[in-house]
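As structure tokens, the structure follows; a few thoughts come after it.
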Amino acid sequence: MTKTSTPETPEAPATPLKRALTTPLLFLFILGDVLGAGVYVLVGQVAGESGGAVWVPLLAALALALLTAGSYAELATKYPRAGGAAHYTRRAFGPFTGFLTGFCMLAAGIVSVAALARAFGGEYLTVFVSLPVALVAVLFLAALALLNARGIRESMRVNVVATLIEVGGLLLIAGLGLRIVLRGDGDFGALTRLGTPEHGPLAAVLGGAVLAYYSFVGFETSVNLAEETRDPRRSYPRALFGALGAAGLVYGLVGVAATVSVPTGRLVESSGPLLEVVEAAGGLPEELFGAVALVAVANGALLTGIMSSRLAYGMARDGLLPGFLTRVLPGRRTPWAAIAATTGIAMLFALTGDVATLASTLVLLLLVVFAAVNTAVLALRRDGGGTGHFRVPAVFPVLGVASCVLLATRVEGAVWARGLPLIGAGALLALVAARRHRD
């Protein structure tokens with residue numbers, strides 16, 4: 001991957017949003033958004049799909065995510081503004097594709113926040129107190145909306161602390177896995193145990209990679225903050241690839257620790273699978289790691305909520321959503337109307353779905369988005385967009401599209417049944433938006 005040699009002043013569209021993010025803050029945003037409920041909640045299901053060796057589908061998912069990340073790096077540095085994938089595909093293919101892509105991205109973000117809200121009220125919380133999951137989800141989402149509306153800088157400060165706690169918790173799991181190995185209780189044979197009675201090793205890894213992909217999604221949300229980033233053409237690629245590399249390393253260590261420490265069946269049955277590693281190692285209060293896991297889930301929801309509100313704001317400014325969503329708090333300069341709308345819809349999803357179903361639906365929606373973005377980056381090569389932006393070799397977007405098709409073939413029929421109506425609704429609204437745009 002290369003960068004053109006003659007840097008110029010980054011595109012700076014007129015905007016009421018404040019440029020407050022530095023490279024380290026953006027790195028921590030992406031890392032905090034990637035590290036979270038995916039690995040804390042879904043490790044057991046990934047193990048069940050792959051047949052045991054969790055680390056293999058995790059690293060396979062990272063490789064597939066990096067293909068699409070290259071396209072995002074080029075487009076975010078070429079067109080640094082809120083709206084992200086919707087803005088890119090609209091420029092490449094017109095308002096219909098722009099709206100449909102943006103709608104799928106927005107729906108994915110809202111579904112993700114809903115899944116994380118339900119995860120927050122699950123087994124990790126019951127270490128401390130048992131409360132109705134629906135009540136916890138609603139109160140949790142309301143609190144995150146208030147923090148989001150307070151300001152991007154305040155939200156990022158919370159993210160810095162939370163991300164350090166998340167990383168520390170996952171490194172703790174890796175350390176506990178090492179402890180189990182050193183005392184002679186590790187099952188090294190599980191590290192190469194792939195395949196299930198229904199699927200051979202390759203199919204099992206791909207099935208696990210679909211769920212593991214959820215552990216890496218989040219990097220795409222950061223493009224919606226390019227407009228609030230100082231010098232995005234320089235900062236964004238460094239933050240993006242640095243964060244994905246760091247996340248891949250941490251996930252690999254956690255995957256190995258979970259695989260050697262806990263029998264696959266026990267991981268699959270647990271809704272708090274990393275607590276099983278803590279219990280197997282012994283000597284550490286479950287409450288401590290339960291608190292770390294709750295911070296991770298909350299941070300992922302906060303960052304995805306920020307993305308969703310900025311995306312809704314950007315689409316509204318492009319005329320793809322109702323204009324009232326562009327309303328900004330005068331003093332805070334945060335998109336309060338978009339925050340309120342996305343939070344309300346997330347509450348509805350949280351009250352009507354479970355974590356596994358919502359997570360799988362999110363992956364399906366994002367595969368549609370990623371295929372469109374990988375195609376758009378090639379189409380927009382006709383638009384010079386100035387120089388100085390990141391440029392990815394053409395083979396990477398092509399492979400990115402192929403990876404989306406490959407993963408889509410591994411999505412279960414029940415998830416398609418839930419996701420297709422959302423995609424269909426987006427297509428109908430896109431037709432209306434495209435016709436209004438022509439008029």
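As shown in the structure tokens, the chain order sets the letters A, B, ...; within each chain, residues go from 1, and ligands are also counted from 1 in the order they appear.
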
Which residues of region 107-145 of chain A sit at most 12 Å from region 42-54 of chain A, using only C-alpha atoms? Give each one's shortest atom pair and distance in Å (one decimal place), in chain and ascending residue order, as a tab-separated table.
residue	atom	partner	partner_atom	distance
A:Ala115	CA	A:Leu42	CA	11.6
A:Leu116	CA	A:Leu42	CA	11.6
A:Ala119	CA	A:Leu42	CA	10.3

Margin query: So that I can see what lies close to Thr126 (chain A), please list as a PyMOL selection string the residues with an atom at most 12 Å from it, counting only C-alpha atoms and leaving out residues fewer than 6 positions away in the same chain.
Written below: chain A and resi 119-120+132-133+136+271-272+275+286-287+290-291+293-294

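Shortest separation to Val111 (chain A) among A:Gly344, A:Pro273, A:Pro232, A:Gly151 occurs at residue A:Gly344, atoms counted being only C-alpha atoms.
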
Note to self: For a quick check of understanding, using only C-alpha atoms, which of A:Pro322, A:Gly218, A:Gly207, A:Gly242 has the smallest distance to Gly300 (chain A)?
What the structure shows: A:Gly218

Next item on the list: Go through A:Thr343, A:Thr196, A:Thr77, A:Thr409 and flag the residue nearest Arg234 (chain A), using only C-alpha atoms for the distances.
Entry: A:Thr77

Check: Please, what distance in Å, to one decimal, runs between CA of Gly109 (chain A) and CA of Thr221 (chain A)?
Finding: 8.3 Å

Give me, as a short mmCIF file (atom, residue, chain, number, x, y, z; two decimals) with N, CA, C and O atoms, in the first residue's frame, all polymer residues having an atom no more than 9 Å from Ala298 (chain A), counting only C-alpha atoms and skipping those fewer than 5 positions away in the same chain.
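Ended up saving to part.cif:
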data_model
loop_
_atom_site.label_atom_id
_atom_site.label_comp_id
_atom_site.auth_asym_id
_atom_site.auth_seq_id
_atom_site.Cartn_x
_atom_site.Cartn_y
_atom_site.Cartn_z
N GLY A 36 -13.84 -5.18 22.08
CA GLY A 36 -15.09 -5.00 22.80
C GLY A 36 -15.89 -6.27 22.88
O GLY A 36 -15.36 -7.36 23.05
N ALA A 37 -17.20 -6.12 22.69
CA ALA A 37 -18.11 -7.23 22.94
C ALA A 37 -17.86 -8.41 22.03
O ALA A 37 -18.17 -9.54 22.38
N LEU A 116 -24.97 -4.55 21.93
CA LEU A 116 -24.08 -4.26 23.05
C LEU A 116 -24.87 -3.88 24.29
O LEU A 116 -24.46 -4.20 25.42
N ALA A 117 -25.98 -3.20 24.11
CA ALA A 117 -26.82 -2.85 25.26
C ALA A 117 -27.36 -4.10 25.94
O ALA A 117 -27.39 -4.20 27.17
N PHE A 120 -24.55 -5.86 27.75
CA PHE A 120 -24.23 -5.20 29.01
C PHE A 120 -25.10 -5.74 30.15
O PHE A 120 -24.65 -5.84 31.30
N PHE A 140 -29.09 2.09 29.93
CA PHE A 140 -27.72 2.14 29.39
C PHE A 140 -27.66 3.02 28.15
O PHE A 140 -26.78 3.89 28.01
N LEU A 144 -25.63 6.69 27.51
CA LEU A 144 -24.66 6.88 26.43
C LEU A 144 -25.04 8.04 25.53
O LEU A 144 -24.17 8.80 25.07
N ALA A 162 -11.34 3.89 28.96
CA ALA A 162 -12.00 2.60 28.75
C ALA A 162 -11.18 1.68 27.87
O ALA A 162 -11.11 0.46 28.12
N ALA A 293 -15.06 -6.37 31.67
CA ALA A 293 -15.89 -6.73 30.52
C ALA A 293 -17.01 -5.72 30.32
O ALA A 293 -17.34 -5.35 29.18
N LEU A 303 -18.81 4.25 21.29
CA LEU A 303 -18.15 4.61 20.04
C LEU A 303 -19.03 4.33 18.84
O LEU A 303 -19.07 5.12 17.89
#

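In terms of minimum interatomic distance to Gly122 (chain A), A:Val297 ranks closest within A:Val297, A:Val254, A:Leu267, A:Ala73, counting only C-alpha atoms.
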
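Here CA of Asp187 (chain A) stands at a distance of 21.8 Å from CA of Ala212 (chain A).
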
Next item on the list: Might you pull out every residue within 9 Å of Gly70 (chain A), with only C-alpha atoms counted and same-chain residues fewer than 5 positions away left off, and present them as number ranges by chain?
Entry: A: 1, 65, 75, 237, 241, 374, 390-393, 396-397, 400

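Note that CA of Ser360 (chain A) and CA of Val415 (chain A) are 6.4 Å apart.
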
Check: Hey, what's within 8 Å of Gly426 (chain A) if we count only C-alpha atoms and toss same-chain stuff fewer than 6 positions away? As a count of residues only, please?
Finding: 4

Next item on the list: Can you check which residues of region 320-385 of chain A DSSP gives as alpha helix (DSSP H) on the backbone and send them as number ranges by chain?
Entry: A: 336-350, 355-379

Selection from above, C-alpha atoms, as a compact mmCIF listing (two decimals), in the first residue's frame, can you write it?
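Below you can see result.txt, which holds the result:
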# COMPACT_ATOMS: atom_id res chain seq x y z
CA TRP A 336 -28.31 16.25 19.09
CA ALA A 337 -31.22 15.39 16.77
CA ALA A 338 -29.28 12.53 15.13
CA ILE A 339 -28.21 11.27 18.57
CA ALA A 340 -31.81 11.22 19.82
CA ALA A 341 -33.15 9.48 16.72
CA THR A 342 -30.50 6.74 16.55
CA THR A 343 -30.76 6.08 20.29
CA GLY A 344 -34.53 5.67 20.12
CA ILE A 345 -34.31 3.11 17.30
CA ALA A 346 -31.52 1.23 19.12
CA MET A 347 -33.79 0.94 22.14
CA LEU A 348 -36.46 -0.66 19.93
CA PHE A 349 -34.01 -3.23 18.53
CA ALA A 350 -32.64 -3.99 22.01
CA VAL A 355 -27.25 -10.68 21.18
CA ALA A 356 -26.39 -13.51 18.78
CA THR A 357 -29.12 -12.64 16.27
CA LEU A 358 -28.33 -8.93 16.35
CA ALA A 359 -24.59 -9.60 15.91
CA SER A 360 -25.15 -11.84 12.88
CA THR A 361 -27.53 -9.32 11.33
CA LEU A 362 -24.90 -6.63 11.81
CA VAL A 363 -22.31 -8.68 9.90
CA LEU A 364 -24.71 -9.25 7.00
CA LEU A 365 -25.50 -5.53 6.71
CA LEU A 366 -21.82 -4.63 6.82
CA LEU A 367 -20.98 -7.10 4.06
CA VAL A 368 -23.33 -5.13 1.80
CA VAL A 369 -21.64 -1.89 2.84
CA PHE A 370 -18.10 -3.24 2.44
CA ALA A 371 -18.82 -4.63 -1.04
CA ALA A 372 -20.14 -1.21 -2.10
CA VAL A 373 -17.16 0.65 -0.62
CA ASN A 374 -14.61 -1.66 -2.26
CA THR A 375 -16.34 -1.12 -5.60
CA ALA A 376 -16.58 2.64 -5.07
CA VAL A 377 -12.87 3.08 -4.44
CA LEU A 378 -12.16 1.75 -7.94
CA ALA A 379 -14.91 3.81 -9.58

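Once region 245-248 of chain A and its same-chain neighbours fewer than 4 positions away are set aside, Leu31, Val34, Leu35, Leu58, Leu59, Leu62, Phe216, Phe241 and Gly252 of chain A remain within 8 Å of it when counting only C-alpha atoms.
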
Margin query: Nearest residue to Leu288 (chain A) out of A:Gly169, A:Gly32, A:Gly38, A:Gly413, using only C-alpha atoms?
Written below: A:Gly169
